[in-house]
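**Student:** Below is one structure. I have some questions about it.
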Amino acid sequence: MFGLKADWSHEVFDRYFTIGDYAGGEARWCPGCGDHAVLNAAQRVLRDEQQKPELSVCVSGIGCSSRMPHYMGTYGFHGLHGRALPVACGIKSRRPELDVWVATGDGDCFSIGTGHWIHAIRYNMNMVVMAFDNAIYGLTKAQTSPTTPTGFKTNTHPTGAIIAPHNPLTITLGITNASFVAQVVDWNPPLLYETLKAAYRHRGTSFVRIIQRCPVYSDKFIKELQGDPSRFLVLEHERGIALDESVPRQFPQRVRHDPSDLGRAFQIAADTSRLPLGLLYYNPAAPCYEDLSSQGADLTPRQRLAGLETVLDRLTI
Amino acid sequence: MTTATQAASAARARASAGREAKILREHIVEIVSDSGEGAQKCGQTFGTVSAKMGNGVWTVEIIPAEIQPPARSPAGASGIRIRFASHAVTNMGDEADLVVAFNEQVLYSRIVNGAYREGTLVLLESKWRDDPVPEIREQYAKAVVELRENGLSVHELPIEQACLAIMSNPRRGKNMFVLGMLCYLYSRDLDRAKEEIAIAFKRKGAEVIGLNHQLFDAGHAFAAEQLDFRFAVAPQPPEALAGKRFIVTNGNQAVALGVMASGMELVSMYPITPATSASHYLADVYHQVGGFVHQAEDEIAAIGFAIGASYAGKTACTITSGPGLALKTEMLALAVMAEVPLVLVDVQRGGPSTGLPTKVEQGDLLAVLYGEPGDAPKVVLAAATIEECLLFVIMARRLAETFRTPVVLLTDANLATGVQPYPRPEPSAEWLAPPIDQSDWSEEVPPYNWDPRTGLSPRPIPGMPGGQYILTGLAHTCQSKVAYDSDSNQLSSEMRSRKLAALASTLKPPSVHGGEDGDLLLVGWGSTLGAIEEAVERARGEGLAVSSLHLRFLSPLEPGLKEIFARFRRIMTVEINYSDDPKAPLINADTRRYAQLAMLLRAQTLVDVDCWSVVYGHPLQPGMIHGVIRERLAAIDNAGDA
Ligand SMILES: Cc1ncc(C[n+]2csc(CCOP(=O)(O)OP(=O)(O)O)c2C)c(N)n1
Ligand code: SF4
Ligand SMILES: [Mg+2]
């Protein structure tokens, strides 16, 4: 390859990125926490895509999962509880060339940030939204979250959660412009990796609900799931997520599902007795808001000044 | 009209066109109506014509107290006030000299507001006298008597009937007829007026323009025929205009122009009165400079979106009013904590809570300064004129980037809706934001490389190789690493605060309007500038030793205040926010709550700063302030040396 494209090959060889280039501070989640697996998968996707670390931004809210940016070697924005998405959208708005990963928890996204979740899906800006769902508030120590199963004991509901949980999948599927809706578990790394890679490659908001282990506060809930493969349904399709052989081994129940079929996606998502794994819905044609919001970003100062004079002309007496 | 009466009226018009106009230095005109009758368009056009003729002009809309007021109700008074003069005009003035009223009921609310004086001329639509509904006839007759008893000089005129000769639905055309009347009355340049009408109806096509020109001409002839008085307000002397070109805008348009001239490419907002019209205007013209208005799902998202863009190197602006400001608090503190440049424009309205959405108040000062939990030092500016609304946005963007901080610009409903000519700005490339720096960032340089003396530090921007850092709202070190230790928090707090001192060290002491020393110094901020200075001039004309000082920087405060204050016997702020009247029950030195700037100045200077403030919802008028000056000076004299 040397000499073939002398102008850029130098740069390619100069800057081959390893996992280390995407790693930041040492991850300080609890041992056995599912967040570690997500971090690893995201770093691997970036490495395999050879994205320049300086062009990637990891944006988060507040929560255990929202600490993810600190463990990345990219740019990062660890903002406010529930408010990762507006910031992420703002970053994209005038700098669509930056690539954006959002880390948000079930409290962060489905409770305090609900409004932003709904609208960010509708804006459909090109980013990966990793919704870490451990069905509990981790950072603040075991309060009920919107996805805590009824009856599950938490510090705010010591006798068990009293209202039925949200279904983040049906909600997301119901939002205008939803373009990529997937669900995975953190404890199958190949599926997690392939899903995040597909999410990364999709142009639009890729919403990935990650069912995540919190061995400290919601262990019982996850253990029950892990112990019962019949609770999962793997979605198979050539336009879906590529499945490693470990997937059917771990999750024997499978169904063919065309991810362009929104109606069927909704049915699958609504059946909470079996949690779907894979790509529920995919619409690469949904419009991206940054195509509108970034218009004019390339104007030169001279063009801007000329435009301003035209505007002033109309106000001049 | 028959040809005979036409000829007769034309003859009368000719005769009266030659009627000698009384020369005035200034006049205040109001047009009041039910909403939807076009009074505002009429007044704006009249204001523009006057400005083009070289008058100083200030127009302000009269907004109904209710959203869907019933017709012919005092609460429904909608319209406009135009103050125009042979000198520069900086505020809405005191009582109106002439009012055109489309019905008699709307006059009542204006009377309650003290808008008229003994002798104010009222040109009143008389059709109600013969209304088919008996109650209306009675109301009208009663009102005319009452208005006259109140000292108003009422002229009943069959305006609508005259319009009927031209169009079948005079409700829609009466305003241009009235414009014709006013242009006769004030000897305005007819060609200019017609040009303005053509501009105002450009989108509606030639036929509509023609019809409105016809109405205008008819109104002009009608006034000539019906009225036995006529005025002229000479233009300002040419040296006052200094050969400059002028633009006419309201304060919100000025903010929008400032945004464009500053090079900010994004305004992220959620609709809220009285701020929204800035975004309406931007939505119309922003693309011409490559900008974009993002209407977010709420105010939190609006500021979050702006912060995202700013963090990514495109300093953005978010525009709001009180309730929206409250929602933005947490994000504003994040921008302070993480040192993200940002411009937040707060077009203040009456508060607290939903308060008085369309009315003016200067009630957000302390909320902006201290509204966030924890210490959140930031730059706070207040525009005092419509022109400053424009210029200060440009300054705000620069300060935000230089000092790596959010900058809040306070304006208010008075500036937002006031319309005025002011010198056309001459934008230059220096006003625009520089292109995003994407050069290599030396990995040795921490993301917050605070200069220990000033707190200033350069900022890595995503895309800069080697600059990768994790912005956080948690306490952090200069490396932006989360740190809960005592020294890190103490240091970073000092550095964020130090930036304000660094900025203050570049500011000059404010100038004093009037004498450099004296008995009373009024201190104001924001939109009250014109009214305060006019009142001070009036009082000084009477030999009173009063001066005024107007602050533009509220954080950091402009330097040298204590020395200036020392030259006056008494210092008093004049503000549009709540303070306890010292004479009210239970109010004494222990319990009295001061106006917001007064609180700030007392704390900062340890001077016993007094205050006078009201929350009537309307702009302060020079006459009111003049009265307060006289009263306070009398009190000082009675009390001996204060
Ligand atoms: C405005 C605000 N309210 C409350 C909190 C406290 N808080 C921090 S994280 C959190 C919940 C986190 O739960 P989740 O989003 O599920 O994240 P996890 O820790 O489980 O990953 C709460 C309530 C906060 N930081 N800010
Ligand atoms: S508390 Fe739970 S979610 Fe938080 S780091 Fe520990 S295991 Fe992970
Ligand atoms: Mg959680």
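Identifiers for the structure tokens are assigned positionally: chains receive A, B, ... in sequence, residues are indexed from 1 per chain, and ligands are indexed from 1 in the order shown.
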Show me, as a VMD selection string, the residues of chain A whose atoms get within 7 Å of chain B, using only C-alpha atoms for the distance check.
**Tutor:** chain A and resid 54 to 55 69 to 70 73 to 79 86 to 91 93 to 94 119 293 295 to 297 299 301 304 to 305 307 to 308 311 315 to 317
**Student:** Dump the neighbourhood of ligand 3 as a PyMOL selection string: all residues within 7 Å, distances computed on only C-alpha atoms and all ligand atoms.
**Tutor:** chain A and resi 105-107+132-138+145
**Student:** Output the selection as a PDB file, in the first residue's frame - all heavy atoms for each residue.
**Tutor:**
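The new file again.pdb reads:
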```pdb
ATOM      1  N   GLY A 105     -29.223   6.857  31.760  1.00  0.00           N
ATOM      2  CA  GLY A 105     -29.807   5.771  32.553  1.00  0.00           C
ATOM      3  C   GLY A 105     -31.320   5.730  32.426  1.00  0.00           C
ATOM      4  O   GLY A 105     -31.925   6.587  31.783  1.00  0.00           O
ATOM      5  N   ASP A 106     -31.923   4.747  33.080  1.00  0.00           N
ATOM      6  CA  ASP A 106     -33.384   4.645  32.999  1.00  0.00           C
ATOM      7  C   ASP A 106     -34.056   5.790  33.746  1.00  0.00           C
ATOM      8  O   ASP A 106     -35.112   6.277  33.328  1.00  0.00           O
ATOM      9  CB  ASP A 106     -33.894   3.284  33.496  1.00  0.00           C
ATOM     10  CG  ASP A 106     -33.231   2.827  34.784  1.00  0.00           C
ATOM     11  OD1 ASP A 106     -32.019   3.063  34.955  1.00  0.00           O
ATOM     12  OD2 ASP A 106     -33.924   2.229  35.621  1.00  0.00           O
ATOM     13  N   GLY A 107     -33.433   6.260  34.813  1.00  0.00           N
ATOM     14  CA  GLY A 107     -33.979   7.438  35.486  1.00  0.00           C
ATOM     15  C   GLY A 107     -33.708   8.673  34.644  1.00  0.00           C
ATOM     16  O   GLY A 107     -34.585   9.513  34.424  1.00  0.00           O
ATOM     17  N   PHE A 132     -29.016   2.884  29.350  1.00  0.00           N
ATOM     18  CA  PHE A 132     -28.601   1.845  30.305  1.00  0.00           C
ATOM     19  C   PHE A 132     -29.759   1.601  31.260  1.00  0.00           C
ATOM     20  O   PHE A 132     -30.037   2.447  32.116  1.00  0.00           O
ATOM     21  CB  PHE A 132     -27.399   2.315  31.134  1.00  0.00           C
ATOM     22  CG  PHE A 132     -26.117   2.509  30.379  1.00  0.00           C
ATOM     23  CD1 PHE A 132     -25.968   3.527  29.456  1.00  0.00           C
ATOM     24  CD2 PHE A 132     -25.017   1.683  30.644  1.00  0.00           C
ATOM     25  CE1 PHE A 132     -24.767   3.727  28.791  1.00  0.00           C
ATOM     26  CE2 PHE A 132     -23.815   1.876  29.985  1.00  0.00           C
ATOM     27  CZ  PHE A 132     -23.685   2.896  29.050  1.00  0.00           C
ATOM     28  N   ASP A 133     -30.416   0.465  31.116  1.00  0.00           N
ATOM     29  CA  ASP A 133     -31.604   0.229  31.941  1.00  0.00           C
ATOM     30  C   ASP A 133     -31.344  -0.868  32.960  1.00  0.00           C
ATOM     31  O   ASP A 133     -31.413  -2.064  32.659  1.00  0.00           O
ATOM     32  CB  ASP A 133     -32.785  -0.142  31.033  1.00  0.00           C
ATOM     33  CG  ASP A 133     -34.102  -0.099  31.790  1.00  0.00           C
ATOM     34  OD1 ASP A 133     -34.073  -0.033  33.038  1.00  0.00           O
ATOM     35  OD2 ASP A 133     -35.158  -0.125  31.132  1.00  0.00           O
ATOM     36  N   ASN A 134     -31.044  -0.446  34.184  1.00  0.00           N
ATOM     37  CA  ASN A 134     -30.868  -1.420  35.271  1.00  0.00           C
ATOM     38  C   ASN A 134     -32.108  -1.468  36.156  1.00  0.00           C
ATOM     39  O   ASN A 134     -32.091  -2.022  37.248  1.00  0.00           O
ATOM     40  CB  ASN A 134     -29.616  -1.099  36.094  1.00  0.00           C
ATOM     41  CG  ASN A 134     -29.623   0.338  36.598  1.00  0.00           C
ATOM     42  OD1 ASN A 134     -30.605   1.061  36.405  1.00  0.00           O
ATOM     43  ND2 ASN A 134     -28.549   0.752  37.243  1.00  0.00           N
ATOM     44  N   ALA A 135     -33.189  -0.831  35.694  1.00  0.00           N
ATOM     45  CA  ALA A 135     -34.477  -0.856  36.379  1.00  0.00           C
ATOM     46  C   ALA A 135     -34.399  -0.291  37.797  1.00  0.00           C
ATOM     47  O   ALA A 135     -35.212  -0.624  38.654  1.00  0.00           O
ATOM     48  CB  ALA A 135     -35.062  -2.282  36.400  1.00  0.00           C
ATOM     49  N   ILE A 136     -33.439   0.585  38.004  1.00  0.00           N
ATOM     50  CA  ILE A 136     -33.262   1.137  39.354  1.00  0.00           C
ATOM     51  C   ILE A 136     -32.449   2.423  39.245  1.00  0.00           C
ATOM     52  O   ILE A 136     -31.772   2.659  38.243  1.00  0.00           O
ATOM     53  CB  ILE A 136     -32.514   0.119  40.256  1.00  0.00           C
ATOM     54  CG1 ILE A 136     -32.672   0.432  41.750  1.00  0.00           C
ATOM     55  CG2 ILE A 136     -31.026   0.021  39.902  1.00  0.00           C
ATOM     56  CD1 ILE A 136     -33.966  -0.066  42.326  1.00  0.00           C
ATOM     57  N   TYR A 137     -32.561   3.260  40.258  1.00  0.00           N
ATOM     58  CA  TYR A 137     -31.636   4.379  40.370  1.00  0.00           C
ATOM     59  C   TYR A 137     -30.399   3.850  41.094  1.00  0.00           C
ATOM     60  O   TYR A 137     -30.473   3.513  42.276  1.00  0.00           O
ATOM     61  CB  TYR A 137     -32.248   5.532  41.179  1.00  0.00           C
ATOM     62  CG  TYR A 137     -33.297   6.338  40.431  1.00  0.00           C
ATOM     63  CD1 TYR A 137     -33.803   5.915  39.217  1.00  0.00           C
ATOM     64  CD2 TYR A 137     -33.757   7.539  40.957  1.00  0.00           C
ATOM     65  CE1 TYR A 137     -34.750   6.663  38.533  1.00  0.00           C
ATOM     66  CE2 TYR A 137     -34.708   8.292  40.280  1.00  0.00           C
ATOM     67  CZ  TYR A 137     -35.199   7.846  39.073  1.00  0.00           C
ATOM     68  OH  TYR A 137     -36.133   8.591  38.409  1.00  0.00           O
ATOM     69  N   GLY A 138     -29.305   3.767  40.365  1.00  0.00           N
ATOM     70  CA  GLY A 138     -28.090   3.205  40.950  1.00  0.00           C
ATOM     71  C   GLY A 138     -27.343   4.231  41.783  1.00  0.00           C
ATOM     72  O   GLY A 138     -27.114   4.042  42.982  1.00  0.00           O
ATOM     73  N   SER A 145     -37.314   3.238  39.688  1.00  0.00           N
ATOM     74  CA  SER A 145     -37.192   3.950  38.411  1.00  0.00           C
ATOM     75  C   SER A 145     -38.450   3.681  37.590  1.00  0.00           C
ATOM     76  O   SER A 145     -39.254   2.818  37.956  1.00  0.00           O
ATOM     77  CB  SER A 145     -35.937   3.488  37.668  1.00  0.00           C
ATOM     78  OG  SER A 145     -36.266   2.564  36.650  1.00  0.00           O
TER      79      SER A 145
END
```
**Student:** Can you work out which residues are within 10 Å of ligand 1, considering only C-alpha atoms and all ligand atoms, and then hand them over as a ChimeraX atom specification?
**Tutor:** /A:29,33-35,60-68,79-83,103-113,131-148,212-214,217-218 /B:330,474
**Student:** Using DSSP assignments from the backbone, pull out every residue in stretch 367-472 of chain B that falls under strand (DSSP E) and give it to me as an mmCIF file with N, CA and C atoms, in the first residue's frame.
**Tutor:**
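Done, and the output landed in states.cif:
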```cif
data_model
loop_
_atom_site.group_PDB
_atom_site.id
_atom_site.type_symbol
_atom_site.label_atom_id
_atom_site.label_comp_id
_atom_site.auth_asym_id
_atom_site.auth_seq_id
_atom_site.Cartn_x
_atom_site.Cartn_y
_atom_site.Cartn_z
ATOM 1 N N VAL B 379 -21.238 36.988 33.978
ATOM 2 C CA VAL B 379 -21.326 38.384 33.549
ATOM 3 C C VAL B 379 -22.799 38.731 33.331
ATOM 4 N N VAL B 380 -23.211 39.867 33.858
ATOM 5 C CA VAL B 380 -24.588 40.326 33.660
ATOM 6 C C VAL B 380 -24.565 41.766 33.150
ATOM 7 N N LEU B 381 -25.198 41.957 32.011
ATOM 8 C CA LEU B 381 -25.281 43.274 31.386
ATOM 9 C C LEU B 381 -26.734 43.687 31.303
ATOM 10 N N ALA B 382 -26.977 44.986 31.269
ATOM 11 C CA ALA B 382 -28.345 45.464 31.034
ATOM 12 C C ALA B 382 -28.312 46.533 29.959
ATOM 13 N N PRO B 406 -20.897 32.113 30.777
ATOM 14 C CA PRO B 406 -22.169 32.621 30.282
ATOM 15 C C PRO B 406 -22.287 34.113 30.565
ATOM 16 N N VAL B 407 -22.930 34.818 29.650
ATOM 17 C CA VAL B 407 -23.208 36.242 29.827
ATOM 18 C C VAL B 407 -24.713 36.410 29.719
ATOM 19 N N VAL B 408 -25.296 37.039 30.725
ATOM 20 C CA VAL B 408 -26.734 37.289 30.677
ATOM 21 C C VAL B 408 -26.940 38.744 30.283
ATOM 22 N N LEU B 409 -27.761 38.952 29.284
ATOM 23 C CA LEU B 409 -28.125 40.304 28.890
ATOM 24 C C LEU B 409 -29.576 40.538 29.284
ATOM 25 N N LEU B 410 -29.787 41.535 30.123
ATOM 26 C CA LEU B 410 -31.138 41.865 30.556
ATOM 27 C C LEU B 410 -31.702 42.986 29.684
ATOM 28 N N THR B 411 -32.876 42.728 29.120
ATOM 29 C CA THR B 411 -33.644 43.806 28.501
ATOM 30 C C THR B 411 -35.020 43.714 29.160
ATOM 31 N N ASP B 412 -36.019 44.364 28.618
ATOM 32 C CA ASP B 412 -37.337 44.220 29.226
ATOM 33 C C ASP B 412 -38.435 44.523 28.205
ATOM 34 N N VAL B 419 -40.248 51.225 19.750
ATOM 35 C CA VAL B 419 -39.689 51.291 18.395
ATOM 36 C C VAL B 419 -39.065 52.661 18.220
ATOM 37 N N GLN B 420 -37.883 52.672 17.661
ATOM 38 C CA GLN B 420 -37.154 53.921 17.607
ATOM 39 C C GLN B 420 -36.136 53.916 16.476
ATOM 40 N N PRO B 421 -35.873 55.055 15.871
ATOM 41 C CA PRO B 421 -34.751 55.111 14.936
ATOM 42 C C PRO B 421 -33.435 55.276 15.695
ATOM 43 N N TYR B 422 -32.394 54.658 15.216
ATOM 44 C CA TYR B 422 -31.055 54.839 15.804
ATOM 45 C C TYR B 422 -30.039 54.561 14.704
ATOM 46 N N PRO B 423 -28.807 55.027 14.906
ATOM 47 C CA PRO B 423 -27.833 54.929 13.821
ATOM 48 C C PRO B 423 -27.657 53.494 13.330
ATOM 49 N N ILE B 470 -13.080 15.805 29.475
ATOM 50 C CA ILE B 470 -14.460 15.511 29.816
ATOM 51 C C ILE B 470 -15.006 16.683 30.601
ATOM 52 N N LEU B 471 -15.856 17.453 29.970
ATOM 53 C CA LEU B 471 -16.490 18.554 30.677
ATOM 54 C C LEU B 471 -17.412 17.973 31.743
ATOM 55 N N THR B 472 -17.380 18.549 32.921
ATOM 56 C CA THR B 472 -18.272 18.041 33.957
ATOM 57 C C THR B 472 -18.817 19.169 34.810
#
```
**Student:** Could you list, as a ChimeraX atom specification, every residue within 9 Å of A:Leu243, counting only C-alpha atoms and ignoring same-chain residues fewer than 4 positions away?
**Tutor:** /A:190-191,194,236,247-248,278
**Student:** Stretch 431-574 of chain B: which residues are helix (DSSP H, G or I) by DSSP, as JSON, numbers by chain?
**Tutor:** {"B": [431, 486, 487, 488, 489, 490, 491, 492, 493, 494, 495, 496, 497, 498, 499, 500, 501, 502, 503, 504, 526, 527, 528, 529, 530, 531, 532, 533, 534, 535, 536, 537, 538, 539, 540, 541, 561, 562, 563, 564, 565]}
**Student:** One decimal, Å: what's the distance from atom CA of A:Thr159 over to atom CA of A:Thr272, could you say?
**Tutor:**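 Atom CA of A:Thr272 lies 22.7 Å from atom CA of A:Thr159.
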**Student:** Atom CA of B:Asn91 and atom CA of B:Ile571, how far apart in Å?
**Tutor:**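 Atom CA of B:Asn91 lies at a distance of 23.0 Å from atom CA of B:Ile571.
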**Student:** If we count only C-alpha atoms, what is near B:Val523 at a cut-off of 7 Å, once residues fewer than 3 positions away on the same chain are taken out, given as an MDAnalysis selection string?
**Tutor:** chainID B and resid 548:550 572:574
**Student:** Create the file for the chosen residues now, containing N, CA and C atoms and written as a tab-separated table (two decimals), in the first residue's frame.
**Tutor:**
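selection20.tsv, written as the output of this step:
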```tsv
chain	number	residue	atom	x	y	z
B	548	SER	N	-27.86	61.83	37.72
B	548	SER	CA	-28.18	60.40	37.63
B	548	SER	C	-27.01	59.62	37.06
B	549	LEU	N	-27.05	58.34	37.31
B	549	LEU	CA	-25.99	57.44	36.87
B	549	LEU	C	-26.68	56.15	36.44
B	550	HIS	N	-26.24	55.62	35.32
B	550	HIS	CA	-26.93	54.43	34.80
B	550	HIS	C	-25.95	53.30	34.60
B	572	MET	N	-30.18	57.28	45.50
B	572	MET	CA	-31.45	56.55	45.43
B	572	MET	C	-31.56	55.82	44.08
B	573	THR	N	-31.84	54.55	44.15
B	573	THR	CA	-32.08	53.85	42.88
B	573	THR	C	-33.52	54.10	42.45
B	574	VAL	N	-33.71	54.08	41.15
B	574	VAL	CA	-35.05	54.18	40.56
B	574	VAL	C	-35.21	52.93	39.71
```
